[in-house]
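Trainee: As input, take query26.cif (mmCIF, C-alpha atoms and all ligand atoms):
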data_run
loop_
_atom_site.group_PDB
_atom_site.id
_atom_site.type_symbol
_atom_site.label_atom_id
_atom_site.label_comp_id
_atom_site.auth_asym_id
_atom_site.auth_seq_id
_atom_site.Cartn_x
_atom_site.Cartn_y
_atom_site.Cartn_z
ATOM 1 C CA MET A 247 47.917 -17.735 -63.118
ATOM 2 C CA PRO A 248 45.274 -15.302 -61.811
ATOM 3 C CA ILE A 249 42.454 -16.963 -59.942
ATOM 4 C CA ILE A 250 39.557 -16.776 -62.446
ATOM 5 C CA PRO A 251 41.363 -18.412 -65.408
ATOM 6 C CA LYS A 252 42.770 -20.947 -62.961
ATOM 7 C CA ASN A 253 39.295 -21.809 -61.636
ATOM 8 C CA ILE A 254 37.937 -22.133 -65.164
ATOM 9 C CA SER A 255 40.742 -24.417 -66.220
ATOM 10 C CA GLN A 256 40.147 -26.605 -63.145
ATOM 11 C CA ILE A 257 36.409 -26.794 -63.899
ATOM 12 C CA ASN A 258 37.085 -27.689 -67.541
ATOM 13 C CA GLN A 259 39.361 -30.496 -66.405
ATOM 14 C CA ASN A 260 36.762 -31.795 -63.949
ATOM 15 C CA ILE A 261 34.106 -31.719 -66.653
ATOM 16 C CA GLN A 262 36.280 -33.598 -69.155
ATOM 17 C CA LYS A 263 37.129 -36.190 -66.518
ATOM 18 C CA THR A 264 33.443 -36.650 -65.679
ATOM 19 C CA ILE A 265 32.364 -36.919 -69.316
ATOM 20 C CA ALA A 266 35.047 -39.543 -69.926
ATOM 21 C CA HIS A 267 33.455 -41.740 -67.253
ATOM 22 C CA ASN A 268 29.801 -41.466 -68.111
ATOM 23 C CA THR A 269 27.570 -42.939 -70.766
ATOM 24 C CA PHE A 270 25.858 -39.781 -71.977
ATOM 25 C CA ASN A 271 28.772 -38.888 -74.180
ATOM 26 C CA GLU A 272 27.760 -35.288 -74.662
ATOM 27 C CA GLN A 273 29.485 -31.972 -74.595
ATOM 28 C CA VAL A 274 28.735 -29.816 -71.580
ATOM 29 C CA SER A 275 28.290 -26.035 -71.790
ATOM 30 C CA ILE A 276 29.290 -23.708 -68.986
ATOM 31 C CA VAL A 277 27.230 -20.662 -68.113
ATOM 32 C CA ALA A 278 29.307 -18.470 -65.800
ATOM 33 C CA VAL A 279 26.895 -16.957 -63.281
ATOM 34 C CA SER A 280 28.193 -13.428 -62.824
ATOM 35 C CA LYS A 281 25.512 -11.964 -60.541
ATOM 36 C CA GLY A 282 27.143 -10.035 -57.735
ATOM 37 C CA HIS A 283 30.431 -9.747 -59.648
ATOM 38 C CA SER A 284 31.965 -6.768 -61.400
ATOM 39 C CA PHE A 285 32.676 -6.121 -65.100
ATOM 40 C CA ASP A 286 36.387 -6.802 -64.825
ATOM 41 C CA LYS A 287 35.730 -10.323 -63.528
ATOM 42 C CA ILE A 288 33.438 -10.993 -66.483
ATOM 43 C CA VAL A 289 36.167 -9.797 -68.850
ATOM 44 C CA SER A 290 38.672 -12.054 -67.107
ATOM 45 C CA ALA A 291 36.371 -15.076 -67.592
ATOM 46 C CA PHE A 292 35.736 -14.028 -71.204
ATOM 47 C CA ASP A 293 39.477 -13.906 -71.841
ATOM 48 C CA ALA A 294 39.702 -17.432 -70.424
ATOM 49 C CA GLY A 295 37.250 -18.636 -73.076
ATOM 50 C CA ILE A 296 33.822 -18.295 -71.428
ATOM 51 C CA ARG A 297 31.149 -16.932 -73.792
ATOM 52 C CA ASN A 298 27.937 -17.608 -71.833
ATOM 53 C CA PHE A 299 27.109 -15.515 -68.774
ATOM 54 C CA GLY A 300 24.117 -15.809 -66.459
ATOM 55 C CA GLU A 301 22.415 -13.109 -64.418
ATOM 56 C CA ASN A 302 19.425 -13.149 -62.043
ATOM 57 C CA TYR A 303 18.558 -9.481 -61.700
ATOM 58 C CA LEU A 304 17.469 -7.411 -64.655
ATOM 59 C CA GLN A 305 18.846 -3.989 -63.667
ATOM 60 C CA GLU A 306 22.213 -5.417 -62.675
ATOM 61 C CA ALA A 307 22.392 -7.347 -65.941
ATOM 62 C CA LEU A 308 21.460 -4.367 -68.131
ATOM 63 C CA GLU A 309 24.107 -2.232 -66.497
ATOM 64 C CA LYS A 310 26.774 -4.857 -67.156
ATOM 65 C CA LYS A 311 25.563 -5.523 -70.671
ATOM 66 C CA SER A 312 25.882 -1.863 -71.658
ATOM 67 C CA HIS A 313 29.490 -1.825 -70.390
ATOM 68 C CA LEU A 314 30.363 -5.017 -72.237
ATOM 69 C CA GLU A 315 28.741 -4.352 -75.601
ATOM 70 C CA LYS A 316 31.889 -5.018 -77.606
ATOM 71 C CA PHE A 317 32.212 -8.560 -76.230
ATOM 72 C CA ALA A 318 30.442 -11.389 -78.085
ATOM 73 C CA ILE A 319 28.616 -12.655 -75.013
ATOM 74 C CA GLN A 320 25.489 -14.834 -74.876
ATOM 75 C CA TRP A 321 23.415 -13.601 -71.939
ATOM 76 C CA HIS A 322 21.278 -16.030 -69.919
ATOM 77 C CA PHE A 323 18.495 -14.889 -67.593
ATOM 78 C CA LEU A 324 18.196 -17.183 -64.559
ATOM 79 C CA GLY A 325 16.058 -15.328 -62.013
ATOM 80 C CA PRO A 326 12.362 -15.240 -61.180
ATOM 81 C CA ILE A 327 10.386 -13.414 -63.885
ATOM 82 C CA GLN A 328 7.833 -10.709 -63.186
ATOM 83 C CA SER A 329 5.422 -9.933 -66.033
ATOM 84 C CA ASN A 330 6.416 -6.274 -66.125
ATOM 85 C CA LYS A 331 10.053 -7.248 -66.761
ATOM 86 C CA CYS A 332 9.357 -9.506 -69.756
ATOM 87 C CA LYS A 333 9.839 -6.822 -72.406
ATOM 88 C CA LEU A 334 13.326 -5.858 -71.249
ATOM 89 C CA ILE A 335 14.284 -9.477 -70.625
ATOM 90 C CA THR A 336 13.337 -10.640 -74.111
ATOM 91 C CA GLU A 337 14.965 -7.592 -75.730
ATOM 92 C CA ASN A 338 18.259 -8.169 -73.959
ATOM 93 C CA PHE A 339 18.861 -11.867 -73.407
ATOM 94 C CA ASP A 340 19.651 -14.838 -75.646
ATOM 95 C CA TRP A 341 18.354 -17.429 -73.185
ATOM 96 C CA VAL A 342 15.837 -17.515 -70.337
ATOM 97 C CA HIS A 343 16.117 -20.557 -68.037
ATOM 98 C CA SER A 344 13.395 -19.717 -65.537
ATOM 99 C CA VAL A 345 10.165 -19.834 -67.554
ATOM 100 C CA ASP A 346 7.311 -21.419 -65.623
ATOM 101 C CA ARG A 347 4.006 -20.158 -66.999
ATOM 102 C CA VAL A 348 2.165 -19.525 -70.248
ATOM 103 C CA LYS A 349 1.553 -15.857 -69.468
ATOM 104 C CA VAL A 350 5.284 -15.187 -69.282
ATOM 105 C CA MET A 351 5.887 -17.194 -72.463
ATOM 106 C CA LYS A 352 3.356 -15.064 -74.355
ATOM 107 C CA LEU A 353 4.940 -11.829 -73.164
ATOM 108 C CA LEU A 354 8.478 -13.000 -73.984
ATOM 109 C CA ASN A 355 7.250 -13.984 -77.452
ATOM 110 C CA ASP A 356 5.231 -10.845 -78.163
ATOM 111 C CA PHE A 357 7.974 -8.425 -77.113
ATOM 112 C CA ARG A 358 10.830 -10.296 -78.817
ATOM 113 C CA PRO A 359 12.092 -7.958 -81.565
ATOM 114 C CA LEU A 360 11.440 -9.510 -85.000
ATOM 115 C CA HIS A 361 15.004 -8.909 -86.215
ATOM 116 C CA MET A 362 16.354 -11.130 -83.439
ATOM 117 C CA MET A 363 16.590 -14.913 -83.412
ATOM 118 C CA PRO A 364 13.861 -16.684 -81.444
ATOM 119 C CA LEU A 365 14.530 -16.552 -77.694
ATOM 120 C CA ASN A 366 15.920 -19.807 -76.279
ATOM 121 C CA ILE A 367 13.903 -20.904 -73.272
ATOM 122 C CA CYS A 368 14.094 -23.590 -70.621
ATOM 123 C CA ILE A 369 11.169 -24.464 -68.387
ATOM 124 C CA GLN A 370 12.094 -24.323 -64.711
ATOM 125 C CA ILE A 371 11.148 -27.474 -62.809
ATOM 126 C CA ASN A 372 10.837 -27.596 -59.031
ATOM 127 C CA CYS A 373 12.356 -31.019 -58.466
ATOM 128 C CA SER A 374 12.701 -30.673 -54.708
ATOM 129 C CA GLY A 375 9.067 -30.226 -53.713
ATOM 130 C CA GLU A 376 10.108 -27.267 -51.542
ATOM 131 C CA GLU A 377 7.254 -24.796 -51.677
ATOM 132 C CA THR A 378 9.494 -21.763 -51.683
ATOM 133 C CA LYS A 379 11.117 -22.791 -54.970
ATOM 134 C CA SER A 380 9.798 -21.491 -58.253
ATOM 135 C CA GLY A 381 9.079 -23.722 -61.205
ATOM 136 C CA ILE A 382 6.648 -26.418 -62.196
ATOM 137 C CA THR A 383 6.420 -29.145 -59.570
ATOM 138 C CA ILE A 384 7.952 -32.374 -60.758
ATOM 139 C CA ASN A 385 4.997 -34.518 -59.665
ATOM 140 C CA ASN A 386 2.593 -33.243 -62.276
ATOM 141 C CA ALA A 387 5.280 -31.922 -64.587
ATOM 142 C CA ILE A 388 4.110 -33.808 -67.670
ATOM 143 C CA GLU A 389 0.591 -32.351 -67.469
ATOM 144 C CA SER A 390 1.821 -28.821 -66.844
ATOM 145 C CA LEU A 391 4.384 -29.171 -69.615
ATOM 146 C CA ASN A 392 1.625 -30.233 -72.010
ATOM 147 C CA ASP A 393 -0.089 -26.885 -71.466
ATOM 148 C CA LEU A 394 3.123 -24.960 -72.042
ATOM 149 C CA ILE A 395 4.044 -27.044 -75.083
ATOM 150 C CA SER A 396 0.698 -26.647 -76.783
ATOM 151 C CA SER A 397 0.938 -22.873 -76.368
ATOM 152 C CA LEU A 398 4.328 -22.903 -78.154
ATOM 153 C CA LYS A 399 2.607 -23.423 -81.511
ATOM 154 C CA GLU A 400 1.449 -19.817 -81.416
ATOM 155 C CA LEU A 401 4.746 -18.452 -80.116
ATOM 156 C CA PRO A 402 7.154 -18.427 -83.077
ATOM 157 C CA MET A 403 9.666 -16.149 -81.343
ATOM 158 C CA LEU A 404 10.375 -18.763 -78.663
ATOM 159 C CA LYS A 405 12.524 -21.854 -79.081
ATOM 160 C CA LEU A 406 12.100 -24.484 -76.387
ATOM 161 C CA ARG A 407 15.570 -25.827 -75.584
ATOM 162 C CA GLY A 408 14.931 -27.839 -72.424
ATOM 163 C CA ILE A 409 14.406 -27.791 -68.690
ATOM 164 C CA MET A 410 16.246 -26.244 -65.756
ATOM 165 C CA SER A 411 16.268 -27.024 -62.067
ATOM 166 C CA ILE A 412 17.829 -26.044 -58.762
ATOM 167 C CA PRO A 413 17.949 -29.088 -56.475
ATOM 168 C CA SER A 414 17.201 -29.191 -52.746
ATOM 169 C CA ASN A 415 19.542 -27.247 -50.550
ATOM 170 C CA THR A 416 20.768 -30.287 -48.639
ATOM 171 C CA GLU A 417 23.911 -32.234 -47.795
ATOM 172 C CA ASN A 418 22.008 -35.452 -48.555
ATOM 173 C CA VAL A 419 23.612 -36.639 -51.792
ATOM 174 C CA ASP A 420 21.082 -39.453 -52.313
ATOM 175 C CA GLN A 421 18.282 -36.906 -52.272
ATOM 176 C CA ILE A 422 20.061 -34.764 -54.860
ATOM 177 C CA ILE A 423 20.733 -37.804 -57.058
ATOM 178 C CA THR A 424 17.046 -38.760 -56.919
ATOM 179 C CA GLU A 425 16.160 -35.258 -58.094
ATOM 180 C CA PHE A 426 18.745 -35.301 -60.897
ATOM 181 C CA LYS A 427 17.411 -38.661 -62.078
ATOM 182 C CA SER A 428 13.831 -37.462 -62.208
ATOM 183 C CA MET A 429 14.992 -34.426 -64.182
ATOM 184 C CA TYR A 430 16.844 -36.618 -66.667
ATOM 185 C CA LYS A 431 13.780 -38.805 -67.135
ATOM 186 C CA LEU A 432 11.591 -35.782 -67.805
ATOM 187 C CA TYR A 433 14.203 -34.389 -70.195
ATOM 188 C CA THR A 434 14.326 -37.577 -72.290
ATOM 189 C CA GLU A 435 10.519 -37.656 -72.507
ATOM 190 C CA LEU A 436 10.418 -34.040 -73.612
ATOM 191 C CA LYS A 437 13.210 -34.548 -76.127
ATOM 192 C CA LYS A 438 11.255 -37.353 -77.803
ATOM 193 C CA ARG A 439 8.350 -35.007 -78.395
ATOM 194 C CA ILE A 440 9.962 -31.674 -79.237
ATOM 195 C CA HIS A 441 12.782 -31.678 -81.748
ATOM 196 C CA THR A 442 14.339 -28.389 -80.578
ATOM 197 C CA VAL A 443 14.954 -29.759 -77.065
ATOM 198 C CA ASP A 444 18.650 -30.425 -76.455
ATOM 199 C CA THR A 445 19.440 -28.873 -73.060
ATOM 200 C CA LEU A 446 19.286 -30.199 -69.524
ATOM 201 C CA SER A 447 20.303 -27.202 -67.392
ATOM 202 C CA MET A 448 21.314 -28.505 -63.955
ATOM 203 C CA GLY A 449 24.359 -28.365 -61.742
ATOM 204 C CA MET A 450 25.958 -25.433 -59.912
ATOM 205 C CA SER A 451 29.278 -24.863 -58.100
ATOM 206 C CA ASN A 452 28.743 -27.561 -55.488
ATOM 207 C CA ASP A 453 27.202 -30.294 -57.586
ATOM 208 C CA TYR A 454 28.076 -29.792 -61.253
ATOM 209 C CA ALA A 455 30.100 -33.023 -61.568
ATOM 210 C CA LEU A 456 27.273 -35.017 -59.990
ATOM 211 C CA ALA A 457 24.770 -33.329 -62.312
ATOM 212 C CA ILE A 458 26.860 -34.214 -65.388
ATOM 213 C CA GLU A 459 27.117 -37.813 -64.167
ATOM 214 C CA HIS A 460 23.322 -37.839 -64.258
ATOM 215 C CA GLY A 461 22.923 -36.385 -67.717
ATOM 216 C CA SER A 462 23.226 -32.608 -67.425
ATOM 217 C CA ASN A 463 24.715 -30.882 -70.466
ATOM 218 C CA LEU A 464 24.608 -27.284 -69.235
ATOM 219 C CA VAL A 465 26.016 -26.248 -65.863
ATOM 220 C CA ARG A 466 25.507 -22.828 -64.251
ATOM 221 C CA ILE A 467 28.551 -21.977 -62.175
ATOM 222 C CA GLY A 468 29.092 -18.822 -60.129
ATOM 223 C CA THR A 469 31.092 -19.181 -56.931
ATOM 224 C CA ALA A 470 33.529 -21.819 -58.230
ATOM 225 C CA ILE A 471 34.560 -19.421 -61.010
ATOM 226 C CA PHE A 472 34.364 -15.979 -59.399
ATOM 227 C CA GLY A 473 34.579 -16.648 -55.657
ATOM 228 C CA ALA A 474 32.011 -15.411 -53.134
ATOM 229 C CA ARG A 475 29.529 -12.862 -54.459
ATOM 230 C CA GLU A 476 30.459 -9.368 -53.382
ATOM 231 C CA ILE A 477 28.733 -6.399 -54.935
ATOM 232 C CA LYS A 478 25.121 -5.519 -54.649
ATOM 233 C CA ILE A 479 24.488 -3.370 -57.686
ATOM 234 C CA LYS A 480 21.748 -0.755 -57.461
ATOM 235 C CA GLY A 481 18.427 -2.306 -58.491
ATOM 236 C CA SER A 482 19.593 -5.882 -58.052
ATOM 237 C CA ASP A 483 16.597 -6.504 -55.844
ATOM 238 C CA ASN A 484 14.734 -6.250 -59.135
HETATM 239 C C1 LIG A 501 23.185 -18.101 -58.377
HETATM 240 C C2 LIG A 501 22.729 -19.197 -59.268
HETATM 241 C C3 LIG A 501 23.636 -20.134 -59.776
HETATM 242 C C4 LIG A 501 25.106 -20.185 -59.398
HETATM 243 O O1 LIG A 501 25.264 -20.629 -58.085
HETATM 244 P P1 LIG A 501 26.745 -20.974 -57.500
HETATM 245 O O2 LIG A 501 26.437 -21.838 -56.341
HETATM 246 O O3 LIG A 501 27.376 -19.680 -57.133
HETATM 247 O O4 LIG A 501 27.471 -21.699 -58.566
HETATM 248 C C5 LIG A 501 23.162 -21.064 -60.678
HETATM 249 N N1 LIG A 501 21.859 -21.093 -61.061
HETATM 250 C C6 LIG A 501 20.965 -20.212 -60.580
HETATM 251 C C7 LIG A 501 19.542 -20.295 -61.043
HETATM 252 C C8 LIG A 501 21.362 -19.237 -59.674
HETATM 253 O O5 LIG A 501 20.445 -18.387 -59.190
#
Just give me the structure as structure tokens.
Ligand SMILES: *Cc1c(COP(=O)(O)O)cnc(C)c1O
Mentor:
Amino acid sequence: MPIIPKNISQINQNIQKTIAHNTFNEQVSIVAVSKGHSFDKIVSAFDAGIRNFGENYLQEALEKKSHLEKFAIQWHFLGPIQSNKCKLITENFDWVHSVDRVKVMKLLNDFRPLHMMPLNICIQINCSGEETKSGITINNAIESLNDLISSLKELPMLKLRGIMSIPSNTENVDQIITEFKSMYKLYTELKKRIHTVDTLSMGMSNDYALAIEHGSNLVRIGTAIFGAREIKIKGSDN
């Protein structure tokens, strides 16, 4: 079997094994993170059953999207969001996982074409405390989330689906588990308050099984599906 379908089948098996052993009893969605990978690899993953693809850089994503129009793909935006990119992001994506401020929410709402479904959004949480990371810091997350949530009432073209996080870049598993647990706690609190919330987006190539063990139901996997990132498409520096 070629490598991409083989990787996907291995990941599916690992996910099923992990779900069978945990108490959350949920299905887990895979977003294949295709940044830095070419069209033909996306098609290969699509043929192996993947329907959700994630990209971090707008220009790179738009170029791929126009080549892949005939494929029924759900596109997820995962990268940092600049205000001047909001119009193209909301016109071209089904999900945005990296929302972290009201200003961006307003722009994504206002530019969302009315004939489209509301844009699915996750709020990015900085669960590691590292200052270089984007997202709302976990320590005062509830207060910051309150601001974002109250603004949602006037933003009918957005649908809040959940929260997303990238954990600390560390080998210390206990540290990562602590972060996953605080994310799960925040997620359950949010879910109680907002009925559209159903997504805890955490877990990447190196830690997706651990994330699922701690309640994740959407994993974003690049390297473990496609191998090391190779191409740098023009404009991918955003
Ligand atoms: C690149 C990226 C991923 C995928 O990372 P891998 O380690 O290659 O699986 C997931 N989420 C976000 C936000 C990313 O930027």
Trainee: Find the nearest atom pair between each residue of chain A and ligand LIG 501 (chain A) for residues within 6 Å, count all atoms listed in the file, give distances in Å to one decimal, sort rows by chain and ascending number, and present the table as CSV.
Mentor:
residue,atom,partner,partner_atom,distance
A:Val279,CA,A:LIG501,C4,5.4
A:Leu324,CA,A:LIG501,C7,4.9
A:Met450,CA,A:LIG501,O4,4.2
A:Ser451,CA,A:LIG501,O4,3.7
A:Arg466,CA,A:LIG501,C5,4.6
A:Ile467,CA,A:LIG501,O4,3.8
A:Gly468,CA,A:LIG501,O3,3.6
A:Thr469,CA,A:LIG501,O3,3.8
Trainee: Given the choices A:Leu446, A:Met351, A:Ile250, A:Leu436, which gets closest to Leu464 (chain A) if the distance is worked out from all atoms listed in the file?
Mentor: A:Leu446
Trainee: Please write out, as JSON, where the centre of an axis-aligned box around all listed atoms of region 347-350 of chain A lies and how long its edges are, in Å to one decimal, after adding 8 Å on each side.
Mentor:
{"center_x": 3.4, "center_y": -17.7, "center_z": -68.6, "size_x": 19.7, "size_y": 21.0, "size_z": 19.2}
Trainee: Just so the selection is clear, what residues does the PyMOL selection byres (((chain A and resi 276) around 6) and not hetatm) cover here, as a list of chain:residue names?
Mentor: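 Given this file, the PyMOL selection byres (((chain A and resi 276) around 6) and not hetatm) evaluates to A:Ser275, A:Val277, A:Leu464, A:Val465.
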Trainee: Include C-alpha atoms and write out the residues we just selected as a CSV table (one decimal), in the coordinates of the input.
Mentor:
chain,number,residue,atom,x,y,z
A,275,SER,CA,28.3,-26.0,-71.8
A,277,VAL,CA,27.2,-20.7,-68.1
A,464,LEU,CA,24.6,-27.3,-69.2
A,465,VAL,CA,26.0,-26.2,-65.9
Trainee: Taking only C-alpha atoms into account, name the residue in A:Val348, A:Ile458, A:Ala294, A:Ile327 that is nearest to Lys399 (chain A).
Mentor: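 Among the listed residues, the smallest separation from Lys399 (chain A) belongs to A:Val348.
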Trainee: Exactly which residues make up the result of the PyMOL selection byres (((chain A and resi 338) around 12) and not hetatm) on this file, given as a PDB file with C-alpha atoms, keeping the file's coordinate frame?
Mentor:
ATOM      1  CA  GLU A 301      22.415 -13.109 -64.418  1.00  0.00           C
ATOM      2  CA  LEU A 304      17.469  -7.411 -64.655  1.00  0.00           C
ATOM      3  CA  GLN A 305      18.846  -3.989 -63.667  1.00  0.00           C
ATOM      4  CA  ALA A 307      22.392  -7.347 -65.941  1.00  0.00           C
ATOM      5  CA  LEU A 308      21.460  -4.367 -68.131  1.00  0.00           C
ATOM      6  CA  GLU A 309      24.107  -2.232 -66.497  1.00  0.00           C
ATOM      7  CA  LYS A 310      26.774  -4.857 -67.156  1.00  0.00           C
ATOM      8  CA  LYS A 311      25.563  -5.523 -70.671  1.00  0.00           C
ATOM      9  CA  SER A 312      25.882  -1.863 -71.658  1.00  0.00           C
ATOM     10  CA  GLU A 315      28.741  -4.352 -75.601  1.00  0.00           C
ATOM     11  CA  ILE A 319      28.616 -12.655 -75.013  1.00  0.00           C
ATOM     12  CA  GLN A 320      25.489 -14.834 -74.876  1.00  0.00           C
ATOM     13  CA  TRP A 321      23.415 -13.601 -71.939  1.00  0.00           C
ATOM     14  CA  HIS A 322      21.278 -16.030 -69.919  1.00  0.00           C
ATOM     15  CA  PHE A 323      18.495 -14.889 -67.593  1.00  0.00           C
ATOM     16  CA  LYS A 331      10.053  -7.248 -66.761  1.00  0.00           C
ATOM     17  CA  CYS A 332       9.357  -9.506 -69.756  1.00  0.00           C
ATOM     18  CA  LYS A 333       9.839  -6.822 -72.406  1.00  0.00           C
ATOM     19  CA  LEU A 334      13.326  -5.858 -71.249  1.00  0.00           C
ATOM     20  CA  ILE A 335      14.284  -9.477 -70.625  1.00  0.00           C
ATOM     21  CA  THR A 336      13.337 -10.640 -74.111  1.00  0.00           C
ATOM     22  CA  GLU A 337      14.965  -7.592 -75.730  1.00  0.00           C
ATOM     23  CA  PHE A 339      18.861 -11.867 -73.407  1.00  0.00           C
ATOM     24  CA  ASP A 340      19.651 -14.838 -75.646  1.00  0.00           C
ATOM     25  CA  TRP A 341      18.354 -17.429 -73.185  1.00  0.00           C
ATOM     26  CA  VAL A 342      15.837 -17.515 -70.337  1.00  0.00           C
ATOM     27  CA  LEU A 354       8.478 -13.000 -73.984  1.00  0.00           C
ATOM     28  CA  PHE A 357       7.974  -8.425 -77.113  1.00  0.00           C
ATOM     29  CA  ARG A 358      10.830 -10.296 -78.817  1.00  0.00           C
ATOM     30  CA  PRO A 359      12.092  -7.958 -81.565  1.00  0.00           C
ATOM     31  CA  MET A 362      16.354 -11.130 -83.439  1.00  0.00           C
ATOM     32  CA  MET A 363      16.590 -14.913 -83.412  1.00  0.00           C
ATOM     33  CA  LEU A 365      14.530 -16.552 -77.694  1.00  0.00           C
TER      34      LEU A 365
END
Trainee: Given all atoms listed in the file as the basis, pick out the residue of A:Ile395, A:Ile257, A:Cys373, A:Ile288 nearest to Asn452 (chain A).
Mentor: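 Counting all atoms listed in the file, the residue closest to Asn452 (chain A) is A:Ile257.
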Trainee: Report the distance between CA of Thr269 (chain A) and CA of Val345 (chain A) in Å, rounded to one decimal place.
Mentor: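 The value is 29.1 Å.
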Trainee: Mind giving me the straight-line distance from CA of Met247 (chain A) to CA of Leu456 (chain A) in Å, one decimal?
Mentor: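 Interatomic distance here is 27.1 Å.
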Trainee: Please report the interatomic distance between CA of Ile249 (chain A) and CA of Asp286 (chain A) in Å with one decimal.
Mentor: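 Here the two named atoms are 12.8 Å from each other.
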Trainee: Starting from the shown file, work through the PyMOL selection byres (((chain A and resi 272) around 9) and not hetatm) and note down what comes out as a PyMOL selection string.
Mentor: chain A and resi 265+269-271+273-274+461-463
Trainee: So that I can see what lies close to Asp346 (chain A), please list as a list in words the residues with an atom at most 8 Å from it, counting all atoms listed in the file and leaving out residues fewer than 4 positions away in the same chain.
Mentor: Val350, Ile369, Gln370, Ile371, Ser380, Gly381 and Ile382 of chain A
Trainee: Can you pull out every residue within 7 Å of region 407-412 of chain A, counting only C-alpha atoms, but drop anything in the same chain fewer than 5 positions away, and send it as a ChimeraX atom specification?
Mentor: /A:343,366-373,433,442-448
Trainee: Pick the closest to Met403 (chain A) from A:Ala455, A:Leu360, A:Ile423, A:Ala291: which is it, counting all atoms listed in the file?
Mentor: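 Of A:Ala455, A:Leu360, A:Ile423, A:Ala291, the one nearest Met403 (chain A), counting all atoms listed in the file, is A:Leu360.
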Trainee: Of the candidates A:Leu401, A:Ile296, A:Leu406, A:His441, which shows the shortest atom-to-atom distance to Asp356 (chain A), using all atoms listed in the file?
Mentor: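 Closest residue, counting all atoms listed in the file: A:Leu401.
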Trainee: From the list A:Lys438, A:His361, A:Lys427, A:Lys349, which residue is nearest Asp393 (chain A) when using all atoms listed in the file?
Mentor: A:Lys349
Trainee: Pick out the residues sitting within 9 Å of Glu425 (chain A), and hand them over as a ChimeraX atom specification; count all atoms listed in the file, and ignore anything fewer than 2 positions along from it in its own chain.
Mentor: /A:373-374,413-414,420-423,427-430
